[in-house]
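Just below is one structure, and these are the notes that go with it.
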Amino acid sequence: MKKYLAEMIGTMVLVFIGCGSAVFNGGCGTPAQVLMVAVSFGVAVVAMAYTIGGISGCHINPAITLGALLAGRISPKDAGMYMVFQVIGAFIGSALIYLILASGVEVTATTTGANNVGDGMVTAGLIAEIIFTCIFVLVVLGTTDPKKGAGNFAGLAIGLSLVIIHIALIPITGTSVNPARSIAPAVFEGGSALSNLWIFIIGPFVGGALAAAIWKVIGTEE
């Protein structure tokens, strides 16, 4: 149970800090805002990797958990429970953002940090989420490999990869590569964010599965 709770707490921190950086600072309309949000998500992952990595492995992302499951690094039972607690943690993080906004604190926010795509961008958004999630999960699987991985530097490598992924992907989808991170803010925002939510569930899961397949080809002796 401790590892499930660790995943919940880690995902809560990721959503609260990552989405909060966008919400409380006016969104991602300028290059500076894009860089700010990208760094917030990446550093949050680094912090949680070194905080709960020894307890749960610090997936804090259902796509990573799926990749780990398909790579044989986690049992189906643990994978299912990880995903459930990751979504719970994301809702807690989103609720904390909502609580701050509802308390009357004056911020320049215009959104809840939900992912979305514009008209005519559905296909591009789906493809982008698949590709970038595949890259991200591949980094996770490679750097955390018991024999070929980066050891104590894995958390840093994973966090930095998330920074550059956000920089590239924010203009297209706002960057998900994490179904839990997308589900909770979309529920709070509703509207088009909720109607497009399927993109940010299917895309990352497909990308995570592709990463597991690629790692089995290049990273194992089989």
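Just remember, in the structure tokens the first chain shown is A, the second B, etc., residues are 1-based per chain, and ligands are 1-based in the order shown.
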Going by DSSP on the backbone, which bits of stretch 5-216 of chain A are helix (DSSP H, G or I)? Write them as an MDAnalysis selection string, please. chainID A and resid 5:23 31:56 62:70 76:102 122:143 151:173 179:189 191:195 199:216
Enumerate, in order of chain and increasing residue number, the residues of stretch 19-44 of chain A with an atom no farther than 9 Å from stretch 82-106 of chain A, each with its shortest atom pair and distance in Å to one decimal, counting only C-alpha atoms, as a Markdown table.
| residue | atom | partner | partner_atom | distance |
| --- | --- | --- | --- | --- |
| A:Cys19 | CA | A:Ser94 | CA | 8.0 |
| A:Gly20 | CA | A:Ile97 | CA | 6.3 |
| A:Val23 | CA | A:Ile97 | CA | 8.1 |
| A:Phe24 | CA | A:Leu101 | CA | 8.7 |
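Computed from the coordinates, the atom CA of A:Asn116 to atom CA of A:Ala168 distance equals 15.2 Å.
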A:Leu162: which residues within 9 Å, counting only C-alpha atoms, same-chain residues fewer than 6 positions away excluded, as an MDAnalysis selection string? chainID A and resid 38:39 41:43 45 136
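Minimum atom-to-atom distance to A:Ile64, evaluated using only C-alpha atoms, belongs to A:Val177 out of A:Ile17, A:Val177, A:Leu35, A:Ala47.
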Two-atom distance - atom CA of A:Lys148, atom CA of A:Ile201 (Å): 29.6 Å
Which residues are close to A:Cys134, i.e. within 12 Å by only C-alpha atoms, leaving aside same-chain residues fewer than 3 positions away? Reply as number ranges by chain. A: 63-64, 66-67, 127-131, 137-142, 161-162, 165, 177-178, 203-215
How would the residues just picked look written out with N, CA, C and O atoms as a compact mmCIF listing (two decimals), in the first residue's frame?
# COMPACT_ATOMS: atom_id res chain seq x y z
N ALA A 63 1.12 6.01 -18.45
CA ALA A 63 1.81 5.56 -19.66
C ALA A 63 3.14 4.90 -19.31
O ALA A 63 3.53 3.90 -19.93
N ILE A 64 3.83 5.43 -18.32
CA ILE A 64 5.07 4.80 -17.86
C ILE A 64 4.76 3.45 -17.22
O ILE A 64 5.48 2.46 -17.43
N LEU A 66 2.27 1.48 -17.91
CA LEU A 66 1.97 0.53 -18.98
C LEU A 66 3.25 0.04 -19.64
O LEU A 66 3.41 -1.16 -19.91
N GLY A 67 4.17 0.97 -19.91
CA GLY A 67 5.45 0.57 -20.51
C GLY A 67 6.21 -0.40 -19.62
O GLY A 67 6.78 -1.38 -20.09
N ILE A 127 -1.09 12.23 -32.96
CA ILE A 127 0.20 11.73 -33.43
C ILE A 127 1.33 12.28 -32.56
O ILE A 127 2.26 11.55 -32.17
N ALA A 128 1.24 13.56 -32.23
CA ALA A 128 2.29 14.18 -31.40
C ALA A 128 2.35 13.55 -30.02
O ALA A 128 3.45 13.27 -29.50
N GLU A 129 1.20 13.30 -29.41
CA GLU A 129 1.18 12.69 -28.08
C GLU A 129 1.76 11.27 -28.12
O GLU A 129 2.47 10.85 -27.20
N ILE A 130 1.47 10.53 -29.19
CA ILE A 130 2.02 9.17 -29.33
C ILE A 130 3.54 9.23 -29.42
O ILE A 130 4.26 8.52 -28.71
N ILE A 131 4.04 10.09 -30.30
CA ILE A 131 5.48 10.15 -30.55
C ILE A 131 6.24 10.62 -29.31
O ILE A 131 7.24 10.00 -28.89
N VAL A 137 8.80 7.62 -22.44
CA VAL A 137 8.79 6.32 -21.77
C VAL A 137 10.03 5.52 -22.13
O VAL A 137 10.58 4.78 -21.31
N LEU A 138 10.52 5.68 -23.35
CA LEU A 138 11.75 5.01 -23.75
C LEU A 138 12.92 5.50 -22.89
O LEU A 138 13.77 4.70 -22.47
N VAL A 139 12.96 6.81 -22.62
CA VAL A 139 14.00 7.35 -21.73
C VAL A 139 13.88 6.73 -20.35
O VAL A 139 14.88 6.34 -19.74
N VAL A 140 12.64 6.62 -19.86
CA VAL A 140 12.42 6.04 -18.53
C VAL A 140 12.89 4.59 -18.49
O VAL A 140 13.62 4.18 -17.57
N LEU A 141 12.49 3.80 -19.47
CA LEU A 141 12.86 2.38 -19.49
C LEU A 141 14.38 2.21 -19.62
O LEU A 141 14.98 1.33 -18.99
N GLY A 142 15.00 3.05 -20.43
CA GLY A 142 16.44 2.93 -20.63
C GLY A 142 17.25 3.36 -19.42
O GLY A 142 18.17 2.67 -18.99
N SER A 161 14.42 15.24 -19.77
CA SER A 161 13.74 14.85 -21.01
C SER A 161 12.31 15.39 -21.03
O SER A 161 11.81 15.79 -22.08
N LEU A 162 11.68 15.44 -19.86
CA LEU A 162 10.32 15.98 -19.80
C LEU A 162 10.32 17.48 -20.07
O LEU A 162 9.37 18.01 -20.67
N ILE A 165 10.59 17.88 -23.86
CA ILE A 165 9.34 17.42 -24.47
C ILE A 165 8.27 18.50 -24.32
O ILE A 165 7.52 18.79 -25.26
N VAL A 177 1.44 13.59 -22.35
CA VAL A 177 2.28 12.39 -22.23
C VAL A 177 2.01 11.68 -20.90
O VAL A 177 2.85 10.93 -20.40
N ASN A 178 0.83 11.92 -20.33
CA ASN A 178 0.48 11.39 -19.01
C ASN A 178 -1.03 11.45 -18.83
O ASN A 178 -1.57 12.52 -18.56
N GLY A 203 -3.41 8.46 -26.83
CA GLY A 203 -2.08 8.82 -27.33
C GLY A 203 -0.95 8.37 -26.42
O GLY A 203 -0.04 7.65 -26.85
N PRO A 204 -0.97 8.76 -25.14
CA PRO A 204 0.11 8.33 -24.24
C PRO A 204 0.18 6.82 -24.03
O PRO A 204 1.27 6.25 -23.93
N PHE A 205 -0.98 6.14 -23.99
CA PHE A 205 -0.95 4.69 -23.81
C PHE A 205 -0.34 4.00 -25.04
O PHE A 205 0.46 3.07 -24.90
N VAL A 206 -0.69 4.47 -26.23
CA VAL A 206 -0.09 3.90 -27.45
C VAL A 206 1.40 4.19 -27.47
O VAL A 206 2.22 3.31 -27.78
N GLY A 207 1.78 5.41 -27.11
CA GLY A 207 3.20 5.76 -27.07
C GLY A 207 3.97 4.94 -26.06
O GLY A 207 5.10 4.50 -26.33
N GLY A 208 3.37 4.70 -24.88
CA GLY A 208 4.02 3.88 -23.87
C GLY A 208 4.21 2.45 -24.33
O GLY A 208 5.26 1.83 -24.08
N ALA A 209 3.21 1.90 -25.02
CA ALA A 209 3.31 0.53 -25.54
C ALA A 209 4.39 0.44 -26.61
O ALA A 209 5.17 -0.53 -26.66
N LEU A 210 4.46 1.45 -27.48
CA LEU A 210 5.50 1.46 -28.52
C LEU A 210 6.89 1.52 -27.90
O LEU A 210 7.82 0.85 -28.36
N ALA A 211 7.03 2.32 -26.85
CA ALA A 211 8.33 2.42 -26.18
C ALA A 211 8.76 1.08 -25.60
O ALA A 211 9.94 0.70 -25.69
N ALA A 212 7.81 0.37 -24.99
CA ALA A 212 8.12 -0.95 -24.43
C ALA A 212 8.58 -1.91 -25.53
O ALA A 212 9.53 -2.68 -25.34
N ALA A 213 7.90 -1.85 -26.69
CA ALA A 213 8.27 -2.72 -27.80
C ALA A 213 9.67 -2.37 -28.32
O ALA A 213 10.48 -3.26 -28.61
N ILE A 214 9.95 -1.08 -28.44
CA ILE A 214 11.27 -0.65 -28.92
C ILE A 214 12.37 -1.09 -27.95
O ILE A 214 13.42 -1.58 -28.36
N TRP A 215 12.10 -0.92 -26.65
CA TRP A 215 13.12 -1.29 -25.67
C TRP A 215 13.37 -2.79 -25.67
O TRP A 215 14.51 -3.24 -25.47
Quick one: of A:Leu160, A:Ser192, A:Gly54, A:Met48, who's nearest to A:Asp119, counting only C-alpha atoms? A:Ser192
Check the smallest atom-to-atom distance from each of A:Pro76, A:Pro31, A:Pro62, A:Gly120 to A:His166 using only C-alpha atoms, then report the winner. A:Pro31
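Distances from A:Gly125, A:Ile52, A:Ala71, A:Gly10 to A:Ile170 were compared using only C-alpha atoms, and the smallest one belongs to A:Gly125.
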